[in-house]
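Heads up, start-v5.txt below (compact mmCIF, C-alpha atoms (C1' of nucleotides)):
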# COMPACT_ATOMS: atom_id res chain seq x y z
CA MET A 99 78.90 -22.25 -20.90
CA PRO A 100 81.99 -20.56 -22.27
CA ILE A 101 84.71 -22.85 -23.47
CA ARG A 102 87.33 -23.64 -20.89
CA LEU A 103 90.85 -22.47 -21.32
CA THR A 104 93.28 -25.34 -21.19
CA SER A 105 96.93 -25.42 -22.12
CA GLN A 106 96.14 -27.58 -25.15
CA ARG A 107 93.55 -25.16 -26.47
CA THR A 108 95.80 -22.20 -25.94
CA ALA A 109 98.64 -23.97 -27.71
CA ILE A 110 96.57 -24.84 -30.75
CA LEU A 111 95.07 -21.39 -30.97
CA THR A 112 98.52 -19.86 -30.71
CA ILE A 113 99.90 -22.02 -33.49
CA ILE A 114 97.08 -21.28 -35.88
CA ASN A 115 96.74 -17.62 -35.09
CA GLY A 116 100.48 -17.16 -35.20
CA SER A 117 100.86 -18.04 -38.86
CA SER A 118 99.05 -17.56 -42.08
CA ALA A 119 99.50 -21.23 -42.95
CA HIS A 120 96.87 -23.87 -43.47
CA TRP A 121 97.00 -26.60 -40.87
CA ASP A 122 95.55 -30.06 -41.00
CA ALA A 123 95.18 -32.09 -37.83
CA GLU A 124 98.40 -33.96 -38.38
CA SER A 125 100.55 -30.85 -38.84
CA VAL A 126 99.11 -29.34 -35.71
CA LEU A 127 99.90 -32.49 -33.78
CA GLN A 128 103.45 -32.61 -35.08
CA ALA A 129 104.09 -28.95 -34.43
CA LEU A 130 102.90 -29.32 -30.85
CA GLN A 131 104.81 -32.47 -30.13
CA GLN A 132 107.99 -31.02 -31.56
CA SER A 133 107.64 -28.00 -29.36
CA GLY A 134 107.47 -30.26 -26.35
CA GLN A 135 103.74 -29.95 -25.73
CA ARG A 136 102.17 -33.06 -24.30
CA ILE A 137 99.03 -33.68 -26.36
CA GLY A 138 97.12 -36.57 -27.86
CA VAL A 139 95.61 -37.02 -31.31
CA ALA A 140 92.06 -37.12 -30.07
CA THR A 141 92.50 -33.80 -28.33
CA VAL A 142 93.79 -32.20 -31.50
CA TYR A 143 90.73 -33.30 -33.46
CA ARG A 144 88.34 -32.38 -30.69
CA THR A 145 89.94 -29.03 -30.08
CA LEU A 146 90.05 -28.02 -33.72
CA ALA A 147 86.36 -28.79 -33.94
CA VAL A 148 85.60 -26.82 -30.81
CA LEU A 149 87.60 -23.83 -31.94
CA GLU A 150 85.99 -23.83 -35.34
CA GLU A 151 82.56 -24.15 -33.80
CA ALA A 152 83.35 -21.12 -31.68
CA THR A 153 84.54 -19.32 -34.82
CA LEU A 154 87.95 -18.81 -33.29
CA ILE A 155 89.52 -20.42 -36.33
CA GLY A 156 88.35 -21.04 -39.88
CA SER A 157 88.67 -23.97 -42.23
CA VAL A 158 89.11 -24.76 -45.90
CA PHE A 159 89.22 -27.96 -47.85
CA ILE A 160 92.52 -28.22 -49.61
CA ASN A 161 93.54 -31.29 -51.57
CA GLU A 162 90.67 -33.30 -50.22
CA ARG A 163 91.65 -32.56 -46.67
CA LYS A 164 90.31 -30.22 -44.02
CA CYS A 165 92.72 -27.45 -43.10
CA TYR A 166 92.37 -24.79 -40.45
CA GLU A 167 93.54 -21.20 -40.69
CA ARG A 168 93.39 -18.05 -38.62
CA ILE A 169 90.24 -16.09 -38.99
CA ASP A 170 91.28 -12.51 -38.28
CA LYS A 171 91.27 -11.38 -41.86
CA GLN A 172 88.50 -10.41 -44.19
CA GLN A 173 86.82 -13.18 -46.16
CA HIS A 174 89.25 -14.43 -48.74
CA ASP A 175 89.69 -17.25 -51.24
CA HIS A 176 92.58 -19.44 -52.33
CA LEU A 177 94.89 -20.08 -55.23
CA LEU A 178 96.41 -23.53 -55.05
CA CYS A 179 99.40 -24.73 -57.02
CA SER A 180 98.72 -28.25 -58.18
CA GLN A 181 102.42 -28.93 -58.54
CA CYS A 182 104.07 -27.80 -55.32
CA GLY A 183 100.96 -27.35 -53.21
CA CYS A 184 101.68 -23.76 -52.25
CA ILE A 185 98.73 -21.57 -51.44
CA GLU A 186 98.07 -17.90 -52.02
CA GLU A 187 95.14 -15.97 -50.70
CA PHE A 188 93.23 -13.33 -52.54
CA CYS A 189 90.24 -11.11 -52.12
CA HIS A 190 88.01 -9.97 -54.89
CA PRO A 191 85.18 -7.57 -54.22
CA TYR A 192 82.96 -9.00 -56.90
CA ILE A 193 82.77 -12.46 -55.38
CA ALA A 194 80.39 -11.34 -52.68
CA VAL A 195 78.16 -9.78 -55.29
CA LEU A 196 78.27 -12.88 -57.40
CA GLN A 197 77.45 -15.00 -54.37
CA SER A 198 74.23 -13.20 -53.55
CA GLU A 199 73.32 -12.66 -57.17
CA MET A 200 73.49 -16.37 -58.00
CA ALA A 201 71.80 -17.34 -54.76
CA GLN A 202 68.94 -14.99 -55.42
CA ALA A 203 68.53 -16.25 -58.94
CA HIS A 204 67.90 -19.73 -57.54
CA GLY A 205 65.81 -18.76 -54.55
CA PHE A 206 68.61 -19.37 -52.09
CA VAL A 207 69.76 -17.29 -49.18
CA ALA A 208 73.55 -17.43 -49.31
CA HIS A 209 75.61 -17.81 -46.17
CA ASN A 210 79.11 -18.26 -47.46
CA HIS A 211 81.15 -19.84 -50.19
CA SER A 212 84.40 -21.50 -50.92
CA LEU A 213 86.35 -20.82 -54.04
CA ILE A 214 89.61 -22.49 -54.92
CA ILE A 215 91.47 -21.74 -58.12
CA ARG A 216 93.93 -24.43 -59.13
CA GLY A 217 96.86 -23.87 -61.42
CA LEU A 218 100.60 -23.46 -61.48
CA CYS A 219 102.43 -20.95 -59.36
CA ARG A 220 105.19 -18.80 -60.75
CA ASP A 221 107.95 -21.19 -59.71
CA CYS A 222 106.28 -24.25 -61.16
CA GLN A 223 105.75 -22.92 -64.67
CA SER A 224 108.97 -24.45 -65.92
CA MET B 1182 95.89 -48.37 -74.76
CA PRO B 1183 92.24 -47.40 -74.86
CA ILE B 1184 90.23 -48.30 -71.80
CA ARG B 1185 88.44 -51.62 -72.09
CA LEU B 1186 84.71 -51.74 -72.16
CA THR B 1187 83.35 -53.93 -69.40
CA SER B 1188 79.82 -54.30 -68.15
CA GLN B 1189 80.76 -52.61 -64.89
CA ARG B 1190 82.20 -49.59 -66.63
CA THR B 1191 79.24 -49.28 -68.91
CA ALA B 1192 76.88 -49.53 -65.99
CA ILE B 1193 78.62 -46.81 -63.99
CA LEU B 1194 78.88 -44.52 -66.96
CA THR B 1195 75.21 -45.03 -67.72
CA ILE B 1196 74.16 -44.20 -64.20
CA ILE B 1197 76.20 -41.03 -64.01
CA ASN B 1198 75.47 -39.81 -67.49
CA GLY B 1199 71.82 -40.63 -67.12
CA SER B 1200 71.16 -38.15 -64.34
CA SER B 1201 72.22 -34.71 -63.30
CA ALA B 1202 72.82 -35.91 -59.75
CA HIS B 1203 76.03 -35.95 -57.79
CA TRP B 1204 77.17 -39.45 -56.96
CA ASP B 1205 79.61 -40.57 -54.34
CA ALA B 1206 81.11 -44.05 -54.47
CA GLU B 1207 78.61 -45.47 -52.03
CA SER B 1208 75.55 -44.23 -53.93
CA VAL B 1209 76.89 -45.65 -57.15
CA LEU B 1210 77.46 -49.00 -55.48
CA GLN B 1211 73.97 -49.06 -54.01
CA ALA B 1212 72.31 -48.02 -57.23
CA LEU B 1213 74.10 -50.77 -59.11
CA GLN B 1214 73.43 -53.46 -56.56
CA GLN B 1215 69.77 -52.55 -56.37
CA SER B 1216 69.47 -52.80 -60.11
CA GLY B 1217 70.83 -56.31 -59.91
CA GLN B 1218 74.32 -55.56 -61.20
CA ARG B 1219 77.00 -57.76 -59.73
CA ILE B 1220 79.81 -55.42 -58.69
CA GLY B 1221 82.28 -55.00 -55.85
CA VAL B 1222 83.29 -51.93 -53.89
CA ALA B 1223 86.84 -51.93 -55.18
CA THR B 1224 85.63 -51.90 -58.74
CA VAL B 1225 83.45 -48.91 -58.09
CA TYR B 1226 86.33 -46.90 -56.69
CA ARG B 1227 88.71 -48.01 -59.41
CA THR B 1228 86.23 -47.39 -62.18
CA LEU B 1229 85.26 -43.94 -61.00
CA ALA B 1230 88.92 -43.01 -60.92
CA VAL B 1231 89.49 -44.42 -64.41
CA LEU B 1232 86.49 -42.64 -65.85
CA GLU B 1233 87.46 -39.36 -64.29
CA GLU B 1234 91.02 -39.75 -65.52
CA ALA B 1235 89.64 -40.26 -69.01
CA THR B 1236 87.48 -37.17 -68.53
CA LEU B 1237 84.36 -39.20 -69.15
CA ILE B 1238 82.93 -37.95 -65.87
CA GLY B 1239 83.66 -34.99 -63.63
CA SER B 1240 83.93 -34.57 -59.89
CA VAL B 1241 83.19 -32.06 -57.15
CA PHE B 1242 83.75 -32.05 -53.44
CA ILE B 1243 80.47 -31.72 -51.67
CA ASN B 1244 80.15 -31.91 -47.92
CA GLU B 1245 83.68 -33.14 -47.50
CA ARG B 1246 83.13 -35.97 -49.91
CA LYS B 1247 84.07 -36.60 -53.51
CA CYS B 1248 81.09 -36.75 -55.84
CA TYR B 1249 80.99 -37.53 -59.52
CA GLU B 1250 78.73 -35.95 -62.10
CA ARG B 1251 78.21 -36.08 -65.83
CA ILE B 1252 80.47 -33.90 -67.81
CA ASP B 1253 78.48 -33.04 -70.92
CA LYS B 1254 77.62 -29.54 -69.89
CA GLN B 1255 79.55 -26.33 -69.87
CA GLN B 1256 81.68 -25.55 -66.84
CA HIS B 1257 79.39 -24.76 -63.95
CA ASP B 1258 79.44 -24.22 -60.20
CA HIS B 1259 77.23 -25.27 -57.33
CA LEU B 1260 74.79 -23.91 -54.81
CA LEU B 1261 74.44 -26.20 -51.82
CA CYS B 1262 71.67 -26.08 -49.25
CA SER B 1263 73.21 -26.64 -45.85
CA GLN B 1264 69.88 -27.79 -44.46
CA CYS B 1265 68.51 -30.38 -46.88
CA GLY B 1266 71.63 -30.95 -48.94
CA CYS B 1267 70.04 -30.22 -52.28
CA ILE B 1268 72.25 -28.89 -55.01
CA GLU B 1269 71.65 -26.42 -57.81
CA GLU B 1270 74.03 -25.68 -60.60
CA PHE B 1271 74.72 -22.30 -62.07
CA CYS B 1272 76.92 -20.66 -64.63
CA HIS B 1273 78.22 -17.17 -64.40
CA PRO B 1274 80.26 -15.69 -67.21
CA TYR B 1275 82.34 -13.54 -64.92
CA ILE B 1276 83.81 -16.43 -62.96
CA ALA B 1277 86.16 -17.35 -65.76
CA VAL B 1278 87.35 -13.78 -65.96
CA LEU B 1279 87.84 -13.62 -62.24
CA GLN B 1280 89.76 -16.87 -62.31
CA SER B 1281 92.37 -15.68 -64.77
CA GLU B 1282 92.45 -12.19 -63.35
CA MET B 1283 93.27 -13.39 -59.85
CA ALA B 1284 95.70 -15.98 -61.12
CA GLN B 1285 97.56 -13.43 -63.14
CA ALA B 1286 97.74 -11.03 -60.23
CA HIS B 1287 99.62 -13.69 -58.28
CA GLY B 1288 101.78 -15.01 -61.07
CA PHE B 1289 99.74 -18.19 -61.44
CA VAL B 1290 98.54 -19.90 -64.57
CA ALA B 1291 95.02 -21.01 -63.76
CA HIS B 1292 93.72 -24.39 -64.83
CA ASN B 1293 90.35 -24.63 -63.18
CA HIS B 1294 88.46 -23.78 -60.05
CA SER B 1295 85.77 -24.99 -57.74
CA LEU B 1296 83.22 -22.67 -56.28
CA ILE B 1297 80.52 -23.73 -53.89
CA ILE B 1298 78.03 -21.32 -52.43
CA ARG B 1299 76.37 -22.56 -49.26
CA GLY B 1300 73.07 -21.29 -47.97
CA LEU B 1301 69.42 -22.19 -47.62
CA CYS B 1302 67.30 -23.24 -50.54
CA ARG B 1303 63.83 -21.89 -51.07
CA ASP B 1304 62.14 -24.73 -49.20
CA CYS B 1305 64.39 -24.54 -46.18
CA GLN B 1306 63.91 -20.86 -45.44
CA SER B 1307 61.15 -21.52 -42.93
C1' DA C 845 96.52 -65.95 -76.21
C1' DT C 846 97.64 -61.87 -73.67
C1' DG C 847 97.22 -58.52 -70.68
C1' DT C 848 93.48 -55.99 -68.33
C1' DT C 849 89.85 -55.93 -65.10
C1' DT C 850 87.30 -58.00 -61.44
C1' DG C 851 85.77 -59.57 -56.64
C1' DC C 852 87.10 -60.74 -52.34
C1' DA C 853 89.10 -59.99 -48.04
C1' DA C 854 92.72 -58.04 -45.75
C1' DA C 855 95.18 -53.82 -44.94
C1' DC C 856 95.19 -48.95 -44.56
C1' DG C 857 94.94 -44.15 -42.88
C1' DC C 858 92.49 -40.88 -40.77
C1' DT C 859 89.00 -39.74 -37.45
C1' DT C 860 86.00 -40.79 -33.59
C1' DT C 861 84.67 -43.01 -29.30
C1' DG C 862 84.58 -45.03 -24.37
C1' DC C 863 86.44 -44.46 -20.19
C1' DA C 864 89.15 -43.39 -16.12
C1' DA C 865 92.24 -39.73 -14.60
C1' DC C 866 92.92 -34.89 -14.61
C1' DG C 867 92.31 -29.92 -14.37
C1' DT C 868 89.55 -25.61 -14.74
C1' DG C 869 86.29 -22.47 -13.02
C1' DC D 1069 83.79 -29.60 -5.71
C1' DA D 1070 81.54 -30.47 -10.07
C1' DC D 1071 81.83 -31.19 -14.44
C1' DG D 1072 84.25 -30.23 -18.74
C1' DT D 1073 88.58 -31.90 -20.87
C1' DT D 1074 92.36 -35.05 -21.68
C1' DG D 1075 95.10 -39.24 -23.15
C1' DC D 1076 95.05 -43.70 -24.32
C1' DA D 1077 93.78 -47.55 -26.86
C1' DA D 1078 90.18 -49.60 -29.27
C1' DA D 1079 86.71 -49.11 -32.68
C1' DG D 1080 84.87 -47.04 -36.93
C1' DC D 1081 84.60 -45.72 -41.60
C1' DG D 1082 85.64 -44.99 -46.23
C1' DT D 1083 89.18 -46.18 -49.44
C1' DT D 1084 93.03 -48.92 -51.29
C1' DT D 1085 95.72 -53.08 -52.17
C1' DG D 1086 97.27 -58.07 -53.27
C1' DC D 1087 96.03 -61.82 -55.66
C1' DA D 1088 93.90 -65.49 -58.30
C1' DA D 1089 90.00 -66.04 -61.38
C1' DA D 1090 87.35 -64.01 -65.19
C1' DC D 1091 87.15 -61.40 -69.23
C1' DA D 1092 87.81 -58.16 -73.36
C1' DT D 1093 90.34 -57.70 -77.29

Mind converting the file's structure to structure tokens?
Amino acid sequence: MPIRLTSQRTAILTIINGSSAHWDAESVLQALQQSGQRIGVATVYRTLAVLEEATLIGSVFINERKCYERIDKQQHDHLLCSQCGCIEEFCHPYIAVLQSEMAQAHGFVAHNHSLIIRGLCRDCQS
Amino acid sequence: MPIRLTSQRTAILTIINGSSAHWDAESVLQALQQSGQRIGVATVYRTLAVLEEATLIGSVFINERKCYERIDKQQHDHLLCSQCGCIEEFCHPYIAVLQSEMAQAHGFVAHNHSLIIRGLCRDCQS
DNA sequence: ATGTTTGCAAACGCTTTGCAACGTG
DNA sequence: CACGTTGCAAAGCGTTTGCAAACAT
């Protein structure tokens, strides 16, 4: 059973795929309501879960909160400014190596990882 | 103003320092209540925050939940089994390098990071 | 004695659920 | 037409807060 295409699902997918930002449920709701879309909170939560389940969007935990992002890029990780909250993405070839190396050393089979580096961005190093 | 030593604080510190486990607020509360300690929920939350603030304990986000752990060891990261939930710790010298390397490349000053590798532990690879 | 910490219960914020109406395939 | 999806409002859950009593220093 493929997932049905509804206006709400399209709208959410469009918002998330159309930016490189990191969206929590509330921001998605606000963005939709401000653009005139009729949508309820419950639908936002349910839809985000459905879309993630279908790997149409990805998610990261940022500041103790689940955020969704578009998934069209290669696997990447995040730099987070603890002052202003801005986020930069980066890729480092060695992380994949490290992931399987460490997993193997402990008898694990690795599936994925999440790495967040916290610090101060350029503008916040006053 | 040094933090005051109360029986509740001692008890929580003892529990966390006495094991290498990862404790969320609820587990701490249960462990204390089962050992006969009189303590309330609010105190557990407040105390964990105080102890972390004082860097007497550390914390990690595991499965979308804040967990506390003892802080006497060197900086380490975590392997998490997505099946049974067991956790292994590991250290890898290159992670620190990677952290400052990536930070520098984006104009950040890095403070710390959190890395969690998810996969299947030995016992769950049926 | 003073100011901090505690427990309780109420308040909170975010997320999930039940259900009837709606809309997609 | 059938059944998945939606909105609403209520319920749920973990966490935080206000306050008077208890306690460490």

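Minimum distance to chain C across A:Leu178, A:Ile160, A:Ile114, A:Val139 (counting only C-alpha atoms (C1' of nucleotides)) occurs at A:Val139.
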
*When you get a sec, could you note down which chain A residues fall within 8 Å of chain D, using only C-alpha atoms (C1' of nucleotides), as a list of chain:residue names?*
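Listed by rising number, the hits are A:Arg102, A:Ile137, A:Gly138, A:Ala140, A:Thr141.
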
request  = Write out as JSON, numbers by chain the residues lying within 12 Å of segment 1230-1241 of chain B, counting all atoms listed in the file and excluding same-chain residues fewer than 3 positions away.
outcome  = {"A": [159, 161, 162, 214], "B": [1182, 1183, 1184, 1185, 1186, 1189, 1190, 1191, 1192, 1193, 1194, 1195, 1196, 1197, 1198, 1199, 1200, 1201, 1202, 1203, 1204, 1205, 1206, 1223, 1224, 1225, 1226, 1227, 1244, 1245, 1246, 1247, 1248, 1249, 1250, 1251, 1252, 1253, 1254, 1255, 1256, 1257, 1258, 1259, 1260, 1261, 1268, 1270, 1293, 1294, 1295, 1296, 1297], "C": [849], "D": [1083]}

Compute the chain A side of the contact with chain B at 7 Å, counting all atoms listed in the file, and hand it back as a PDB file with C-alpha atoms, keeping the file's coordinate frame.
ATOM      1  CA  GLN A 197      77.450 -15.000 -54.370  1.00  0.00           C
ATOM      2  CA  GLY A 205      65.810 -18.760 -54.550  1.00  0.00           C
ATOM      3  CA  PHE A 206      68.610 -19.370 -52.090  1.00  0.00           C
ATOM      4  CA  VAL A 207      69.760 -17.290 -49.180  1.00  0.00           C
ATOM      5  CA  ALA A 208      73.550 -17.430 -49.310  1.00  0.00           C
ATOM      6  CA  HIS A 209      75.610 -17.810 -46.170  1.00  0.00           C
ATOM      7  CA  ASN A 210      79.110 -18.260 -47.460  1.00  0.00           C
ATOM      8  CA  HIS A 211      81.150 -19.840 -50.190  1.00  0.00           C
ATOM      9  CA  SER A 212      84.400 -21.500 -50.920  1.00  0.00           C
ATOM     10  CA  LEU A 213      86.350 -20.820 -54.040  1.00  0.00           C
ATOM     11  CA  ILE A 214      89.610 -22.490 -54.920  1.00  0.00           C
ATOM     12  CA  ILE A 215      91.470 -21.740 -58.120  1.00  0.00           C
ATOM     13  CA  ARG A 216      93.930 -24.430 -59.130  1.00  0.00           C
ATOM     14  CA  GLY A 217      96.860 -23.870 -61.420  1.00  0.00           C
ATOM     15  CA  LEU A 218     100.600 -23.460 -61.480  1.00  0.00           C
ATOM     16  CA  CYS A 219     102.430 -20.950 -59.360  1.00  0.00           C
ATOM     17  CA  ARG A 220     105.190 -18.800 -60.750  1.00  0.00           C
TER      18      ARG A 220
END

TODO: Select residues of chain C: the criterion is any atom within 12 Å of an atom of chain B, counting only C-alpha atoms (C1' of nucleotides); output as a PyMOL selection string.
DONE: chain C and resi 847-853

Atom-to-atom span, atom CA of Leu1229 of chain B and atom CA of Cys1265 of chain B, Å: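 Taking atom CA of Leu1229 of chain B and atom CA of Cys1265 of chain B, their separation equals 25.8 Å.
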
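From atom CA of Gln135 of chain A back to atom CA of Ser105 of chain A, the distance works out to 8.9 Å.
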
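In this structure, atom C1' of DG857 of chain C sits 19.9 Å away from atom CA of Gln131 of chain A.
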
Give me segment 158-180 of chain A with N, CA, C and O atoms filled in, as a compact mmCIF listing (two decimals), in the coordinates of the input.
# COMPACT_ATOMS: atom_id res chain seq x y z
N VAL A 158 89.25 -24.62 -44.45
CA VAL A 158 89.11 -24.76 -45.90
C VAL A 158 89.43 -26.19 -46.27
O VAL A 158 90.23 -26.83 -45.58
N PHE A 159 88.84 -26.67 -47.34
CA PHE A 159 89.22 -27.96 -47.85
C PHE A 159 90.28 -27.78 -48.90
O PHE A 159 90.05 -27.13 -49.92
N ILE A 160 91.45 -28.33 -48.65
CA ILE A 160 92.52 -28.22 -49.61
C ILE A 160 93.05 -29.61 -49.91
O ILE A 160 93.37 -30.37 -49.00
N ASN A 161 93.10 -29.95 -51.19
CA ASN A 161 93.54 -31.29 -51.57
C ASN A 161 92.79 -32.38 -50.82
O ASN A 161 93.40 -33.28 -50.25
N GLU A 162 91.51 -32.27 -50.81
CA GLU A 162 90.67 -33.30 -50.22
C GLU A 162 90.90 -33.49 -48.72
O GLU A 162 90.68 -34.55 -48.18
N ARG A 163 91.36 -32.44 -48.09
CA ARG A 163 91.65 -32.56 -46.67
C ARG A 163 91.29 -31.27 -45.95
O ARG A 163 91.54 -30.18 -46.44
N LYS A 164 90.73 -31.40 -44.75
CA LYS A 164 90.31 -30.22 -44.02
C LYS A 164 91.49 -29.51 -43.38
O LYS A 164 92.24 -30.11 -42.63
N CYS A 165 91.62 -28.23 -43.67
CA CYS A 165 92.72 -27.45 -43.10
C CYS A 165 92.14 -26.26 -42.34
O CYS A 165 91.14 -25.68 -42.74
N TYR A 166 92.82 -25.90 -41.27
CA TYR A 166 92.37 -24.79 -40.45
C TYR A 166 93.30 -23.60 -40.65
O TYR A 166 94.49 -23.76 -40.89
N GLU A 167 92.75 -22.41 -40.51
CA GLU A 167 93.54 -21.20 -40.69
C GLU A 167 93.03 -20.15 -39.73
O GLU A 167 91.93 -20.24 -39.21
N ARG A 168 93.83 -19.10 -39.53
CA ARG A 168 93.39 -18.05 -38.62
C ARG A 168 92.26 -17.27 -39.28
O ARG A 168 92.12 -17.27 -40.51
N ILE A 169 91.50 -16.62 -38.47
CA ILE A 169 90.24 -16.09 -38.99
C ILE A 169 90.17 -14.57 -38.83
O ILE A 169 89.13 -13.98 -38.98
N ASP A 170 91.30 -13.95 -38.58
CA ASP A 170 91.28 -12.51 -38.28
C ASP A 170 91.17 -11.61 -39.49
O ASP A 170 91.00 -10.41 -39.38
N LYS A 171 91.31 -12.23 -40.67
CA LYS A 171 91.27 -11.38 -41.86
C LYS A 171 89.89 -11.33 -42.49
O LYS A 171 88.99 -12.04 -42.10
N GLN A 172 89.76 -10.46 -43.46
CA GLN A 172 88.50 -10.41 -44.19
C GLN A 172 88.33 -11.71 -44.98
O GLN A 172 89.29 -12.44 -45.20
N GLN A 173 87.11 -11.99 -45.35
CA GLN A 173 86.82 -13.18 -46.16
C GLN A 173 87.72 -13.20 -47.38
O GLN A 173 87.84 -12.22 -48.10
N HIS A 174 88.35 -14.33 -47.60
CA HIS A 174 89.25 -14.43 -48.74
C HIS A 174 89.10 -15.80 -49.40
O HIS A 174 88.45 -16.69 -48.87
N ASP A 175 89.73 -15.96 -50.55
CA ASP A 175 89.69 -17.25 -51.24
C ASP A 175 91.11 -17.69 -51.54
O ASP A 175 92.06 -17.01 -51.17
N HIS A 176 91.24 -18.85 -52.18
CA HIS A 176 92.58 -19.44 -52.33
C HIS A 176 92.97 -19.81 -53.74
O HIS A 176 92.16 -20.32 -54.51
N LEU A 177 94.25 -19.59 -54.01
CA LEU A 177 94.89 -20.08 -55.23
C LEU A 177 95.77 -21.23 -54.79
O LEU A 177 96.56 -21.09 -53.85
N LEU A 178 95.65 -22.35 -55.46
CA LEU A 178 96.41 -23.53 -55.05
C LEU A 178 97.26 -24.04 -56.20
O LEU A 178 96.74 -24.29 -57.29
N CYS A 179 98.54 -24.19 -55.97
CA CYS A 179 99.40 -24.73 -57.02
C CYS A 179 99.31 -26.25 -57.02
O CYS A 179 99.59 -26.90 -56.01
N SER A 180 98.93 -26.79 -58.17
CA SER A 180 98.72 -28.25 -58.18
C SER A 180 100.04 -29.00 -58.26
O SER A 180 100.07 -30.22 -58.09
